There are 2 protein chains.
Amino acid sequence: MPISFHGTKTETEALGTYVKLVRATETITAVTHRHLARVKLTVSQFGVLETLYHLGPMCQAEVARKNLKSTANITTVVDNLEKRGLVERIRSFEDRRYITLHLTDAGLSLIEAIFPAHVERMVKGFSVLTAEEQRQLGDLCKKLGMSQQA
Amino acid sequence: MPISFHGTKTETEALGTYVKLVRATETITAVTHRHLARVKLTVSQFGVLETLYHLGPMCQAEVARKNLKSTANITTVVDNLEKRGLVERIRSFEDRRYITLHLTDAGLSLIEAIFPAHVERMVKGFSVLTAEEQRQLGDLCKKLGMSQQA
DNA sequence: TAGTAATAATTTGATATCTAATGATTCGAC
DNA sequence: GTCGAATCATTAGATATCAAATTATTACTA
């Protein structure tokens with residue numbers, strides 16, 4: 001059994017880059033979302049609230065697409081948000097297959113209360129990179145992400 | 001309720017970079033790990049097998065650290081790998097708190113069989129970026145990841 | 001030596017997440 | 001107009017994931 005991987009330069013580069021990408025993502029996600037524990041929100045729940053906050057009411061399938069999750073998953077996350085009275089499900093009249101999600105007053109208050117701190121943490125998290133480096137990183141990520149055929 | 005976020009340039013840059021980072025990571029992870037479904041392995045299970053394959057037998061806490069997961073989580077993942085006879089738990093003699101994880105013959109055969117295809121997919125996934133761009137991306141991610149104080 | 005602190009693994013209870021199957025509804029083609 | 005394809009949401013069953021509590025063991029300390 002090999003003690004470590006020895007491939008071509010191309011192979012070790014790709015694997016190494018992937019590891020760095022994943023670690024950076026997980027680390028910054030952990031740091032920037034840690035404050036959510038105080039208000040008992042998970043990252044996914046925050047994602048749903050944020051989507052509704054910034055883009056307005058929409059159906060669950062669209063929330064799923066915007067968050068890169070399955071509709072089954074969104075059903076569960078919305079269940080938990082609904083239990084806490086943070087979102088409301090409203091069956092659409094025009095097309096009864098759709099359920100439109102709305103923030104309740106409590107949900108709006110909550111996201112409004114925590115979003116500024118969230119932005120601040122994000123800015124601080126990325127502050128190690130210059131504006132130019134952030135742009136570079138974003139461009140490389142966009143290029144990488146876009147190129148993967150689903 | 002605002003329709004979309006309007007912050008300072010610094011704020012929108014940080015938020016935008018974060019979204020691109022997360023999307024790139026999730027997309028390339030999905031594409032490069034899709035082949036695991038054929039051998040009924042999850043990404044986490046593959047991660048544990050790969051760690052043991054490349055670094056040799058080690059205790060669960062160390063596997064947890066290397067995979068950025070909790071020890072509780074590794075317990076579950078190892079339970080499922082053990083059920084399939086892919087890894088073996090061996091209680092340490094010197095310090096009975098430790099359990100050393102070993103790949104079984106079946107586990108070794110499996111990881112040896114799929115790892116080349118995994119590397120190939122990783123190379124292909126990153127092939128949209130030049131070697132220089134991959135190095136750049138890796139450096140930026142490393143800088144970003146390292147700077148976050150736990 | 002007794003007692004306390006630290007570490008490894010597990011358990012518990014909760015949420016997340018997927019695929020696949022299902023039910024409800026709408027739409028399109030014929 | 002009716003039937004079949006497509007879409008939305010949910011359910012079922014499985015694995016993942018965490019924090020917190022627990023157990024077992026070791027190490028340190030007075």
# chains A, B, ... in the order shown; residues from 1 in each chain; ligands from 1
$ interface_residues --of "chain B" --to "chain D" --cutoff "9 Å" --atoms "only C-alpha atoms (C1' of nucleotides)" --output "mmCIF file with N, CA and C atoms, in the first residue's frame"
data_model
loop_
_atom_site.group_PDB
_atom_site.id
_atom_site.type_symbol
_atom_site.label_atom_id
_atom_site.label_comp_id
_atom_site.auth_asym_id
_atom_site.auth_seq_id
_atom_site.Cartn_x
_atom_site.Cartn_y
_atom_site.Cartn_z
ATOM 1 N N THR B 42 -20.324 6.721 -0.685
ATOM 2 C CA THR B 42 -20.603 8.150 -0.557
ATOM 3 C C THR B 42 -19.275 8.907 -0.605
ATOM 4 N N SER B 44 -18.076 10.811 1.645
ATOM 5 C CA SER B 44 -17.409 10.665 2.945
ATOM 6 C C SER B 44 -16.727 9.314 3.081
ATOM 7 N N LYS B 69 -13.937 16.678 9.812
ATOM 8 C CA LYS B 69 -15.218 16.205 10.301
ATOM 9 C C LYS B 69 -15.129 15.933 11.808
ATOM 10 N N SER B 70 -16.277 15.750 12.454
ATOM 11 C CA SER B 70 -16.283 15.430 13.879
ATOM 12 C C SER B 70 -16.014 13.943 14.068
ATOM 13 N N ALA B 72 -17.720 12.053 15.949
ATOM 14 C CA ALA B 72 -19.036 11.401 15.942
ATOM 15 C C ALA B 72 -19.417 11.005 14.525
ATOM 16 N N ASN B 73 -19.111 11.876 13.599
ATOM 17 C CA ASN B 73 -19.428 11.591 12.208
ATOM 18 C C ASN B 73 -18.604 10.423 11.687
ATOM 19 N N THR B 76 -19.927 7.060 12.562
ATOM 20 C CA THR B 76 -21.021 6.609 11.693
ATOM 21 C C THR B 76 -20.510 6.115 10.341
ATOM 22 N N VAL B 77 -19.638 6.897 9.729
ATOM 23 C CA VAL B 77 -19.138 6.528 8.404
ATOM 24 C C VAL B 77 -18.374 5.206 8.476
ATOM 25 N N ASN B 80 -20.576 2.157 8.692
ATOM 26 C CA ASN B 80 -21.102 1.709 7.403
ATOM 27 C C ASN B 80 -20.037 1.040 6.544
ATOM 28 N N ASP B 95 -2.444 2.017 24.059
ATOM 29 C CA ASP B 95 -3.399 2.958 24.638
ATOM 30 C C ASP B 95 -4.805 2.529 24.228
ATOM 31 N N ARG B 96 -5.514 1.953 25.150
ATOM 32 C CA ARG B 96 -6.776 1.312 24.809
ATOM 33 C C ARG B 96 -7.899 2.302 24.470
ATOM 34 N N ARG B 97 -7.616 3.603 24.539
ATOM 35 C CA ARG B 97 -8.619 4.566 24.086
ATOM 36 C C ARG B 97 -8.681 4.595 22.558
#
$ interface_residues --of "chain C" --to "chain B" --cutoff "12 Å" --atoms "only C-alpha atoms (C1' of nucleotides)" --output "ChimeraX atom specification"
/C:6-12,17-19
$ interface_residues --of "chain B" --to "chain A" --cutoff "6 Å" --atoms "only C-alpha atoms" --output "mmCIF file with C-alpha atoms, in the first residue's frame"
data_model
loop_
_atom_site.group_PDB
_atom_site.id
_atom_site.type_symbol
_atom_site.label_atom_id
_atom_site.label_comp_id
_atom_site.auth_asym_id
_atom_site.auth_seq_id
_atom_site.Cartn_x
_atom_site.Cartn_y
_atom_site.Cartn_z
ATOM 1 C CA PRO B 2 -35.476 44.648 -0.718
ATOM 2 C CA ILE B 3 -35.481 42.778 -4.021
ATOM 3 C CA SER B 4 -31.721 42.342 -4.001
ATOM 4 C CA GLU B 11 -19.438 43.991 0.559
ATOM 5 C CA ALA B 14 -16.963 39.540 -0.832
ATOM 6 C CA THR B 17 -16.744 35.803 -4.432
ATOM 7 C CA LYS B 20 -18.706 31.626 -6.794
ATOM 8 C CA LEU B 21 -16.355 29.733 -4.491
ATOM 9 C CA ALA B 24 -17.425 25.902 -8.028
ATOM 10 C CA THR B 27 -20.128 21.546 -8.913
ATOM 11 C CA HIS B 54 -2.539 7.065 1.090
ATOM 12 C CA LEU B 55 -1.493 7.593 4.682
ATOM 13 C CA VAL B 123 -7.707 16.100 -14.105
ATOM 14 C CA GLY B 138 -4.651 26.873 -5.262
ATOM 15 C CA CYS B 141 -7.525 29.225 -1.696
ATOM 16 C CA LYS B 142 -4.628 28.386 0.558
ATOM 17 C CA GLY B 145 -8.213 29.115 4.136
#
$ calpha_fit_and_write --fixed "chain A" --moving "chain B" --output "PDB file with C-alpha atoms, in the first residue's frame"
ATOM      1  CA  MET B   1      -0.126  -0.185  -0.178  1.00  0.00           C
ATOM      2  CA  PRO B   2       1.374   3.154  -1.192  1.00  0.00           C
ATOM      3  CA  ILE B   3       2.090   5.646   1.578  1.00  0.00           C
ATOM      4  CA  SER B   4       1.142   8.609  -0.577  1.00  0.00           C
ATOM      5  CA  PHE B   5      -0.043   9.306  -4.085  1.00  0.00           C
ATOM      6  CA  HIS B   6       2.557   9.563  -6.833  1.00  0.00           C
ATOM      7  CA  GLY B   7       1.086  10.566 -10.154  1.00  0.00           C
ATOM      8  CA  THR B   8       2.076  12.825 -12.982  1.00  0.00           C
ATOM      9  CA  LYS B   9       2.540  16.517 -12.315  1.00  0.00           C
ATOM     10  CA  THR B  10      -0.805  17.229 -13.942  1.00  0.00           C
ATOM     11  CA  GLU B  11      -2.536  14.718 -11.693  1.00  0.00           C
ATOM     12  CA  THR B  12      -1.011  15.863  -8.420  1.00  0.00           C
ATOM     13  CA  GLU B  13      -1.698  19.488  -9.367  1.00  0.00           C
ATOM     14  CA  ALA B  14      -5.383  18.827  -9.996  1.00  0.00           C
ATOM     15  CA  LEU B  15      -5.799  16.793  -6.808  1.00  0.00           C
ATOM     16  CA  GLY B  16      -3.911  19.364  -4.757  1.00  0.00           C
ATOM     17  CA  THR B  17      -5.913  22.267  -6.141  1.00  0.00           C
ATOM     18  CA  TYR B  18      -9.133  20.438  -5.371  1.00  0.00           C
ATOM     19  CA  VAL B  19      -8.137  19.846  -1.752  1.00  0.00           C
ATOM     20  CA  LYS B  20      -7.213  23.499  -1.276  1.00  0.00           C
ATOM     21  CA  LEU B  21     -10.490  24.572  -2.865  1.00  0.00           C
ATOM     22  CA  VAL B  22     -12.568  22.363  -0.599  1.00  0.00           C
ATOM     23  CA  ARG B  23     -10.673  23.321   2.545  1.00  0.00           C
ATOM     24  CA  ALA B  24     -10.923  27.035   1.834  1.00  0.00           C
ATOM     25  CA  THR B  25     -14.651  26.729   1.205  1.00  0.00           C
ATOM     26  CA  GLU B  26     -15.323  24.702   4.328  1.00  0.00           C
ATOM     27  CA  THR B  27     -13.184  26.924   6.517  1.00  0.00           C
ATOM     28  CA  ILE B  28     -14.660  30.223   5.402  1.00  0.00           C
ATOM     29  CA  THR B  29     -18.171  28.795   5.525  1.00  0.00           C
ATOM     30  CA  ALA B  30     -17.640  27.672   9.100  1.00  0.00           C
ATOM     31  CA  VAL B  31     -16.212  31.011  10.187  1.00  0.00           C
ATOM     32  CA  THR B  32     -18.767  33.211   8.459  1.00  0.00           C
ATOM     33  CA  HIS B  33     -21.764  31.189   9.592  1.00  0.00           C
ATOM     34  CA  ARG B  34     -20.762  30.594  13.191  1.00  0.00           C
ATOM     35  CA  HIS B  35     -22.929  33.463  14.395  1.00  0.00           C
ATOM     36  CA  LEU B  36     -26.027  31.595  13.210  1.00  0.00           C
ATOM     37  CA  ALA B  37     -25.811  29.253  16.193  1.00  0.00           C
ATOM     38  CA  ARG B  38     -26.873  32.100  18.463  1.00  0.00           C
ATOM     39  CA  VAL B  39     -30.206  32.397  16.659  1.00  0.00           C
ATOM     40  CA  LYS B  40     -30.506  28.619  16.175  1.00  0.00           C
ATOM     41  CA  LEU B  41     -30.328  28.698  12.396  1.00  0.00           C
ATOM     42  CA  THR B  42     -28.514  26.156  10.250  1.00  0.00           C
ATOM     43  CA  VAL B  43     -26.613  27.197   7.146  1.00  0.00           C
ATOM     44  CA  SER B  44     -29.390  25.742   4.973  1.00  0.00           C
ATOM     45  CA  GLN B  45     -32.128  27.530   6.861  1.00  0.00           C
ATOM     46  CA  PHE B  46     -30.203  30.775   6.560  1.00  0.00           C
ATOM     47  CA  GLY B  47     -29.800  30.142   2.835  1.00  0.00           C
ATOM     48  CA  VAL B  48     -33.548  29.792   2.342  1.00  0.00           C
ATOM     49  CA  LEU B  49     -34.336  32.892   4.379  1.00  0.00           C
ATOM     50  CA  GLU B  50     -31.702  34.899   2.529  1.00  0.00           C
ATOM     51  CA  THR B  51     -33.050  33.781  -0.853  1.00  0.00           C
ATOM     52  CA  LEU B  52     -36.566  34.876   0.024  1.00  0.00           C
ATOM     53  CA  TYR B  53     -35.275  38.099   1.559  1.00  0.00           C
ATOM     54  CA  HIS B  54     -33.309  39.175  -1.485  1.00  0.00           C
ATOM     55  CA  LEU B  55     -35.386  37.739  -4.295  1.00  0.00           C
ATOM     56  CA  GLY B  56     -38.891  37.807  -2.850  1.00  0.00           C
ATOM     57  CA  PRO B  57     -41.484  35.017  -2.542  1.00  0.00           C
ATOM     58  CA  MET B  58     -40.966  32.001  -4.787  1.00  0.00           C
ATOM     59  CA  CYS B  59     -41.860  28.346  -5.036  1.00  0.00           C
ATOM     60  CA  GLN B  60     -39.836  25.593  -3.364  1.00  0.00           C
ATOM     61  CA  ALA B  61     -38.450  24.150  -6.572  1.00  0.00           C
ATOM     62  CA  GLU B  62     -36.930  27.512  -7.417  1.00  0.00           C
ATOM     63  CA  VAL B  63     -35.443  27.865  -3.945  1.00  0.00           C
ATOM     64  CA  ALA B  64     -33.964  24.395  -4.449  1.00  0.00           C
ATOM     65  CA  ARG B  65     -32.391  25.396  -7.770  1.00  0.00           C
ATOM     66  CA  LYS B  66     -30.932  28.611  -6.381  1.00  0.00           C
ATOM     67  CA  ASN B  67     -29.419  26.759  -3.437  1.00  0.00           C
ATOM     68  CA  LEU B  68     -28.212  23.755  -5.458  1.00  0.00           C
ATOM     69  CA  LYS B  69     -30.307  21.384  -3.380  1.00  0.00           C
ATOM     70  CA  SER B  70     -33.009  18.790  -4.088  1.00  0.00           C
ATOM     71  CA  THR B  71     -36.667  19.633  -3.656  1.00  0.00           C
ATOM     72  CA  ALA B  72     -36.909  16.851  -1.071  1.00  0.00           C
ATOM     73  CA  ASN B  73     -34.309  18.626   0.983  1.00  0.00           C
ATOM     74  CA  ILE B  74     -36.044  21.982   0.728  1.00  0.00           C
ATOM     75  CA  THR B  75     -39.244  20.356   1.928  1.00  0.00           C
ATOM     76  CA  THR B  76     -37.457  19.344   5.129  1.00  0.00           C
ATOM     77  CA  VAL B  77     -35.714  22.668   5.660  1.00  0.00           C
ATOM     78  CA  VAL B  78     -38.947  24.589   5.063  1.00  0.00           C
ATOM     79  CA  ASP B  79     -40.769  22.268   7.477  1.00  0.00           C
ATOM     80  CA  ASN B  80     -38.368  23.332  10.199  1.00  0.00           C
ATOM     81  CA  LEU B  81     -38.582  27.017   9.298  1.00  0.00           C
ATOM     82  CA  GLU B  82     -42.366  26.802   9.230  1.00  0.00           C
ATOM     83  CA  LYS B  83     -42.468  25.168  12.676  1.00  0.00           C
ATOM     84  CA  ARG B  84     -40.689  28.242  14.010  1.00  0.00           C
ATOM     85  CA  GLY B  85     -43.047  30.567  12.159  1.00  0.00           C
ATOM     86  CA  LEU B  86     -40.314  32.114  10.022  1.00  0.00           C
ATOM     87  CA  VAL B  87     -41.813  31.268   6.624  1.00  0.00           C
ATOM     88  CA  GLU B  88     -45.309  30.607   5.311  1.00  0.00           C
ATOM     89  CA  ARG B  89     -46.462  28.181   2.615  1.00  0.00           C
ATOM     90  CA  ILE B  90     -49.168  29.547   0.318  1.00  0.00           C
ATOM     91  CA  ARG B  91     -50.661  27.277  -2.321  1.00  0.00           C
ATOM     92  CA  SER B  92     -50.855  28.994  -5.689  1.00  0.00           C
ATOM     93  CA  PHE B  93     -54.302  29.669  -7.155  1.00  0.00           C
ATOM     94  CA  GLU B  94     -53.258  29.685 -10.807  1.00  0.00           C
ATOM     95  CA  ASP B  95     -51.351  26.411 -10.633  1.00  0.00           C
ATOM     96  CA  ARG B  96     -52.148  24.306  -7.621  1.00  0.00           C
ATOM     97  CA  ARG B  97     -48.945  22.271  -7.949  1.00  0.00           C
ATOM     98  CA  TYR B  98     -46.956  25.276  -6.730  1.00  0.00           C
ATOM     99  CA  ILE B  99     -46.493  26.441  -3.174  1.00  0.00           C
ATOM    100  CA  THR B 100     -45.168  29.955  -2.833  1.00  0.00           C
ATOM    101  CA  LEU B 101     -42.916  30.580   0.140  1.00  0.00           C
ATOM    102  CA  HIS B 102     -43.158  33.891   1.976  1.00  0.00           C
ATOM    103  CA  LEU B 103     -41.194  35.304   4.864  1.00  0.00           C
ATOM    104  CA  THR B 104     -43.426  35.964   7.870  1.00  0.00           C
ATOM    105  CA  ASP B 105     -42.972  39.155   9.878  1.00  0.00           C
ATOM    106  CA  ALA B 106     -40.893  37.155  12.331  1.00  0.00           C
ATOM    107  CA  GLY B 107     -38.789  35.741   9.505  1.00  0.00           C
ATOM    108  CA  LEU B 108     -38.236  39.172   8.018  1.00  0.00           C
ATOM    109  CA  SER B 109     -37.292  40.624  11.399  1.00  0.00           C
ATOM    110  CA  LEU B 110     -34.828  37.820  11.998  1.00  0.00           C
ATOM    111  CA  ILE B 111     -33.045  38.018   8.654  1.00  0.00           C
ATOM    112  CA  GLU B 112     -32.935  41.817   8.857  1.00  0.00           C
ATOM    113  CA  ALA B 113     -31.408  41.550  12.298  1.00  0.00           C
ATOM    114  CA  ILE B 114     -28.630  39.138  11.362  1.00  0.00           C
ATOM    115  CA  PHE B 115     -27.811  39.955   7.755  1.00  0.00           C
ATOM    116  CA  PRO B 116     -25.607  43.000   8.450  1.00  0.00           C
ATOM    117  CA  ALA B 117     -23.446  40.960  10.817  1.00  0.00           C
ATOM    118  CA  HIS B 118     -23.278  38.245   8.180  1.00  0.00           C
ATOM    119  CA  VAL B 119     -22.002  40.679   5.561  1.00  0.00           C
ATOM    120  CA  GLU B 120     -19.480  42.038   8.022  1.00  0.00           C
ATOM    121  CA  ARG B 121     -18.146  38.562   8.739  1.00  0.00           C
ATOM    122  CA  MET B 122     -17.913  37.825   5.037  1.00  0.00           C
ATOM    123  CA  VAL B 123     -15.952  41.021   4.392  1.00  0.00           C
ATOM    124  CA  LYS B 124     -13.652  40.249   7.299  1.00  0.00           C
ATOM    125  CA  GLY B 125     -13.197  36.676   6.158  1.00  0.00           C
ATOM    126  CA  PHE B 126     -12.088  37.761   2.702  1.00  0.00           C
ATOM    127  CA  SER B 127     -10.022  40.702   3.938  1.00  0.00           C
ATOM    128  CA  VAL B 128      -6.816  38.673   3.684  1.00  0.00           C
ATOM    129  CA  LEU B 129      -7.225  38.959  -0.083  1.00  0.00           C
ATOM    130  CA  THR B 130      -6.937  42.269  -1.919  1.00  0.00           C
ATOM    131  CA  ALA B 131      -9.818  43.413  -4.086  1.00  0.00           C
ATOM    132  CA  GLU B 132      -7.848  42.304  -7.117  1.00  0.00           C
ATOM    133  CA  GLU B 133      -7.177  38.874  -5.625  1.00  0.00           C
ATOM    134  CA  GLN B 134     -10.848  38.445  -4.757  1.00  0.00           C
ATOM    135  CA  ARG B 135     -11.764  39.290  -8.327  1.00  0.00           C
ATOM    136  CA  GLN B 136      -9.184  36.792  -9.568  1.00  0.00           C
ATOM    137  CA  LEU B 137     -10.464  34.084  -7.250  1.00  0.00           C
ATOM    138  CA  GLY B 138     -14.037  34.760  -8.286  1.00  0.00           C
ATOM    139  CA  ASP B 139     -13.148  34.609 -11.969  1.00  0.00           C
ATOM    140  CA  LEU B 140     -11.248  31.345 -11.618  1.00  0.00           C
ATOM    141  CA  CYS B 141     -14.094  29.791  -9.633  1.00  0.00           C
ATOM    142  CA  LYS B 142     -16.638  30.959 -12.152  1.00  0.00           C
ATOM    143  CA  LYS B 143     -14.612  29.555 -15.017  1.00  0.00           C
ATOM    144  CA  LEU B 144     -14.171  26.278 -13.180  1.00  0.00           C
ATOM    145  CA  GLY B 145     -17.805  25.976 -12.119  1.00  0.00           C
ATOM    146  CA  MET B 146     -19.253  26.935 -15.479  1.00  0.00           C
ATOM    147  CA  SER B 147     -17.132  24.440 -17.393  1.00  0.00           C
ATOM    148  CA  GLN B 148     -18.469  21.338 -15.676  1.00  0.00           C
ATOM    149  CA  GLN B 149     -21.101  19.788 -17.854  1.00  0.00           C
ATOM    150  CA  ALA B 150     -23.933  18.569 -15.708  1.00  0.00           C
TER     151      ALA B 150
END
$ select_by_dssp --residues "range 35-98 of chain B" --states "strand (DSSP E or B)" --output "PyMOL selection string"
chain B and resi 58-59+87-91
$ write_last_selection --atoms "N, CA and C atoms" --output "PDB file, in the first residue's frame"
ATOM      1  N   MET B  58      -4.634   4.493  10.779  1.00  0.00           N
ATOM      2  CA  MET B  58      -4.597   5.560  11.790  1.00  0.00           C
ATOM      3  C   MET B  58      -5.877   5.520  12.606  1.00  0.00           C
ATOM      4  N   CYS B  59      -5.879   6.256  13.715  1.00  0.00           N
ATOM      5  CA  CYS B  59      -7.047   6.224  14.580  1.00  0.00           C
ATOM      6  C   CYS B  59      -8.148   7.141  14.026  1.00  0.00           C
ATOM      7  N   VAL B  87     -13.301  -1.799   5.927  1.00  0.00           N
ATOM      8  CA  VAL B  87     -12.287  -1.404   6.908  1.00  0.00           C
ATOM      9  C   VAL B  87     -12.447  -2.264   8.161  1.00  0.00           C
ATOM     10  N   GLU B  88     -11.405  -2.251   8.990  1.00  0.00           N
ATOM     11  CA  GLU B  88     -11.381  -3.054  10.200  1.00  0.00           C
ATOM     12  C   GLU B  88     -10.986  -2.160  11.363  1.00  0.00           C
ATOM     13  N   ARG B  89     -11.660  -2.321  12.503  1.00  0.00           N
ATOM     14  CA  ARG B  89     -11.303  -1.577  13.706  1.00  0.00           C
ATOM     15  C   ARG B  89     -10.425  -2.462  14.582  1.00  0.00           C
ATOM     16  N   ILE B  90      -9.254  -1.958  14.962  1.00  0.00           N
ATOM     17  CA  ILE B  90      -8.372  -2.730  15.837  1.00  0.00           C
ATOM     18  C   ILE B  90      -8.002  -1.879  17.041  1.00  0.00           C
ATOM     19  N   ARG B  91      -8.443  -2.307  18.202  1.00  0.00           N
ATOM     20  CA  ARG B  91      -8.158  -1.591  19.443  1.00  0.00           C
ATOM     21  C   ARG B  91      -6.665  -1.613  19.726  1.00  0.00           C
TER      22      ARG B  91
END
